[in-house]
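Colleague: There's a structure below that I have some questions on.
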Amino acid sequence: MRFFHFIIGFLALCILVFLVLGKQGDISRKPPIEIFPDMDRQLKLRPQTDANLSPMGLSSRLPVEGTVARGAHYQDNTMNTGKIVGTTNFVEISPVPVSATLLARGQERFQISCSPCHGMQGDGKGITTKYGMGAVANFHDIRIIKMPDGEIFNTITYGKGLMGAYGPNVVTEDRWAIIAYLRALQRSRLALPEEVPANIRASLKK
Ligand code: HEC
């Protein structure tokens, strides 16, 4: 009996759905029912059409002389994409020569933009992990040590998985500076005892 009721109910539902869908595309003189109109229709002026709003009688003013369109000077080069030009392959080594100034800038930018999650040492133990930010990448993992510089650039620009995009916050030059500093952090844990300056080697903990 129960099954029979179910079949009846199911058929009724099917018919209802077909009736409603069948109405789609019908021509009607009445305006369609809009559940969320989303500001589809509004009072507005199209840019630079006739209107008595500006001295020239246009709805908006003409761009100031010398205005540069956003993205007009963007170049599809390694510096901007982290990729080898004309391919989708990431560059292995950063196009920016490493200097003490670059590293200092990278350290500062890293500590501002990355350390809250990745930690001051890049080990993925930043302050946000105490407040629920889970599974933050550890830069001392062999996978990230081996990762091409260009791929890290891409991750900063667009984000990855749970990590948001930092492209809008960190300008191109600073992204490469951060990468140089990130490599220095990695190197610091890969150094051999012989590489430590002789005068402080004795103070190293065994
Ligand atoms: C709000 C927290 C947060 C900030 C800030 C942040 N990250 Fe991340 N990052 C993450 C998380 C979480 C992951 C792991 C993403 C995943 O695998 O889902 C990650 C992953 C990564 C990875 C590894 C990507 C991969 O392919 O596995 C790199 C490299 C990285 N971040 C670099 C950076 C750099 C450089 C900065 C600073 C510009 C930065 N992150 C800032 C949270 C953050």
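Chain labels follow the order of the structure tokens: the first chain is A, the next B, and so on; residue numbering restarts at 1 in every chain, and ligands are counted from 1 in their shown order.
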Show which residues sit within 10 Å of range 118-135 of chain A, as a short mmCIF file (atom, residue, chain, number, x, y, z; two decimals) with N, CA and C atoms, in the first residue's frame. Count only C-alpha atoms, and ignore same-chain residues fewer than 2 positions away.
Modeller:
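Output below, filename part-v4.cif:
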```cif
data_model
loop_
_atom_site.label_atom_id
_atom_site.label_comp_id
_atom_site.auth_asym_id
_atom_site.auth_seq_id
_atom_site.Cartn_x
_atom_site.Cartn_y
_atom_site.Cartn_z
N GLN A 107 62.63 39.67 2.82
CA GLN A 107 62.41 39.33 4.23
C GLN A 107 61.26 40.17 4.80
N PHE A 110 57.99 39.12 3.13
CA PHE A 110 57.62 37.77 3.59
C PHE A 110 57.00 37.85 4.97
N GLN A 111 57.65 38.64 5.83
CA GLN A 111 57.17 38.70 7.21
C GLN A 111 55.81 39.38 7.28
N ILE A 112 55.54 40.28 6.36
CA ILE A 112 54.23 40.93 6.33
C ILE A 112 53.17 40.01 5.71
N SER A 113 53.48 39.47 4.53
CA SER A 113 52.43 38.81 3.75
C SER A 113 52.34 37.29 3.96
N CYS A 114 53.40 36.64 4.32
CA CYS A 114 53.38 35.17 4.34
C CYS A 114 53.48 34.59 5.74
N SER A 115 54.25 35.27 6.63
CA SER A 115 54.52 34.66 7.94
C SER A 115 53.26 34.43 8.80
N PRO A 116 52.19 35.22 8.64
CA PRO A 116 51.03 34.94 9.49
C PRO A 116 50.55 33.49 9.35
N ALA A 137 51.32 24.93 4.10
CA ALA A 137 52.51 24.28 3.56
C ALA A 137 53.76 24.65 4.36
N ASN A 138 54.64 23.65 4.51
CA ASN A 138 55.94 23.84 5.16
C ASN A 138 56.98 23.98 4.04
N PHE A 139 57.65 25.14 3.99
CA PHE A 139 58.59 25.39 2.89
C PHE A 139 59.84 24.52 2.98
N HIS A 140 60.03 23.81 4.09
CA HIS A 140 61.21 22.95 4.21
C HIS A 140 60.92 21.53 3.72
N ASP A 141 59.69 21.31 3.24
CA ASP A 141 59.37 20.02 2.60
C ASP A 141 60.17 19.89 1.32
N LEU A 162 43.74 25.97 -0.39
CA LEU A 162 43.19 26.80 0.68
C LEU A 162 43.81 28.19 0.75
N MET A 163 44.92 28.38 0.04
CA MET A 163 45.59 29.68 0.10
C MET A 163 45.02 30.64 -0.94
N LEU A 182 62.57 33.23 0.61
CA LEU A 182 62.07 31.88 0.91
C LEU A 182 63.16 30.83 0.66
N ARG A 183 63.92 31.02 -0.42
CA ARG A 183 65.03 30.10 -0.73
C ARG A 183 66.11 30.20 0.34
N LEU A 185 65.59 30.94 3.48
CA LEU A 185 65.08 30.21 4.64
C LEU A 185 65.31 28.71 4.47
N GLN A 186 65.02 28.21 3.26
CA GLN A 186 65.21 26.78 3.01
C GLN A 186 66.68 26.41 3.16
N SER A 188 68.90 27.78 4.92
CA SER A 188 69.37 27.86 6.30
C SER A 188 69.24 26.51 7.00
N ARG A 189 68.29 25.70 6.57
CA ARG A 189 68.14 24.40 7.23
C ARG A 189 68.86 23.30 6.50
#
```
Colleague: My list of candidates is A:Glu151, A:Leu190, A:Ile145, A:Val136. Which is closest to ligand 1 when distances are computed with only C-alpha atoms and all ligand atoms?
Modeller: A:Val136
Colleague: Fewer than 2 positions away in the same chain doesn't count, so skip those; otherwise give me all residues within 9 Å of Ile179 in chain A, counting only C-alpha atoms, as JSON, numbers by chain.
Modeller: {"A": [94, 103, 106, 110, 149, 152, 153, 174, 175, 176, 177, 181, 182, 183, 184]}
Colleague: For ligand 1, which residue out of A:Gly82, A:Lys160, A:Asp38, A:Glu173 is the nearest one, using only C-alpha atoms and all ligand atoms?
Modeller: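 The answer is A:Lys160, which sits nearest to ligand 1.
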Colleague: Please return, as a CSV table (one decimal) with N, CA, C and O atoms, in the first residue's frame, all residues of range 18-138 of chain A that DSSP assigns to alpha helix (DSSP H) on the basis of the backbone.
Modeller:
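Once everything was written out, this is states-v1.csv:
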```csv
chain,number,residue,atom,x,y,z
A,18,PHE,N,6.6,18.7,-15.3
A,18,PHE,CA,6.5,18.8,-16.8
A,18,PHE,C,5.6,20.0,-17.2
A,18,PHE,O,5.8,20.7,-18.1
A,19,LEU,N,4.5,20.2,-16.4
A,19,LEU,CA,3.6,21.3,-16.7
A,19,LEU,C,4.3,22.6,-16.5
A,19,LEU,O,4.2,23.5,-17.4
A,20,VAL,N,5.1,22.7,-15.4
A,20,VAL,CA,5.8,24.0,-15.2
A,20,VAL,C,6.9,24.2,-16.3
A,20,VAL,O,7.0,25.3,-16.9
A,21,LEU,N,7.7,23.2,-16.5
A,21,LEU,CA,8.7,23.3,-17.5
A,21,LEU,C,8.2,23.5,-18.9
A,21,LEU,O,8.8,24.3,-19.7
A,22,GLY,N,7.0,22.9,-19.2
A,22,GLY,CA,6.4,23.1,-20.5
A,22,GLY,C,6.0,24.5,-20.8
A,22,GLY,O,6.0,24.9,-22.0
A,78,THR,N,58.6,36.5,-18.5
A,78,THR,CA,58.8,35.6,-17.4
A,78,THR,C,58.6,36.4,-16.1
A,78,THR,O,58.1,35.9,-15.1
A,79,MET,N,59.1,37.7,-16.1
A,79,MET,CA,59.0,38.5,-14.9
A,79,MET,C,57.5,38.6,-14.4
A,79,MET,O,57.2,38.6,-13.2
A,80,ASN,N,56.6,38.7,-15.4
A,80,ASN,CA,55.2,38.8,-15.0
A,80,ASN,C,54.4,37.5,-14.8
A,80,ASN,O,53.3,37.5,-14.3
A,81,THR,N,54.9,36.4,-15.4
A,81,THR,CA,54.1,35.2,-15.4
A,81,THR,C,54.8,34.1,-14.7
A,81,THR,O,54.2,33.1,-14.3
A,100,ALA,N,71.8,41.6,-1.8
A,100,ALA,CA,71.4,41.8,-0.4
A,100,ALA,C,70.2,42.7,-0.2
A,100,ALA,O,69.3,42.4,0.6
A,101,THR,N,70.1,43.7,-1.1
A,101,THR,CA,68.9,44.6,-1.1
A,101,THR,C,67.6,43.8,-1.3
A,101,THR,O,66.6,44.0,-0.7
A,102,LEU,N,67.7,42.9,-2.4
A,102,LEU,CA,66.5,42.1,-2.7
A,102,LEU,C,66.1,41.2,-1.6
A,102,LEU,O,64.9,41.1,-1.2
A,103,LEU,N,67.1,40.6,-0.9
A,103,LEU,CA,66.8,39.7,0.2
A,103,LEU,C,66.2,40.4,1.4
A,103,LEU,O,65.3,39.9,2.0
A,104,ALA,N,66.7,41.7,1.6
A,104,ALA,CA,66.2,42.4,2.7
A,104,ALA,C,64.7,42.8,2.4
A,104,ALA,O,63.9,42.7,3.3
A,105,ARG,N,64.5,43.2,1.2
A,105,ARG,CA,63.1,43.5,0.8
A,105,ARG,C,62.2,42.3,0.9
A,105,ARG,O,61.1,42.3,1.4
A,106,GLY,N,62.7,41.1,0.4
A,106,GLY,CA,62.0,39.9,0.5
A,106,GLY,C,61.7,39.5,1.9
A,106,GLY,O,60.6,39.1,2.2
A,107,GLN,N,62.6,39.7,2.8
A,107,GLN,CA,62.4,39.3,4.2
A,107,GLN,C,61.3,40.2,4.8
A,107,GLN,O,60.3,39.7,5.4
A,108,GLU,N,61.3,41.5,4.5
A,108,GLU,CA,60.3,42.4,5.0
A,108,GLU,C,58.9,42.0,4.5
A,108,GLU,O,57.9,41.8,5.2
A,109,ARG,N,58.8,41.8,3.2
A,109,ARG,CA,57.5,41.4,2.5
A,109,ARG,C,57.1,40.1,3.0
A,109,ARG,O,55.9,39.8,3.1
A,110,PHE,N,58.0,39.1,3.1
A,110,PHE,CA,57.6,37.8,3.6
A,110,PHE,C,57.0,37.9,5.0
A,110,PHE,O,56.0,37.3,5.3
A,111,GLN,N,57.7,38.6,5.8
A,111,GLN,CA,57.2,38.7,7.2
A,111,GLN,C,55.8,39.4,7.3
A,111,GLN,O,55.0,39.1,8.1
A,112,ILE,N,55.5,40.3,6.4
A,112,ILE,CA,54.2,40.9,6.3
A,112,ILE,C,53.2,40.0,5.7
A,112,ILE,O,52.1,39.8,6.3
A,113,SER,N,53.5,39.5,4.5
A,113,SER,CA,52.4,38.8,3.8
A,113,SER,C,52.3,37.3,4.0
A,113,SER,O,51.3,36.7,3.7
A,115,SER,N,54.3,35.3,6.6
A,115,SER,CA,54.5,34.7,7.9
A,115,SER,C,53.3,34.4,8.8
A,115,SER,O,53.3,33.5,9.6
A,116,PRO,N,52.2,35.2,8.6
A,116,PRO,CA,51.0,34.9,9.5
A,116,PRO,C,50.5,33.5,9.3
A,116,PRO,O,50.0,32.9,10.3
A,117,CYS,N,50.7,32.9,8.2
A,117,CYS,CA,50.3,31.5,8.0
A,117,CYS,C,51.5,30.6,8.0
A,117,CYS,O,51.5,29.6,8.6
A,118,HIS,N,52.5,31.0,7.2
A,118,HIS,CA,53.7,30.0,7.0
A,118,HIS,C,54.7,30.1,8.1
A,118,HIS,O,55.6,29.3,8.1
```
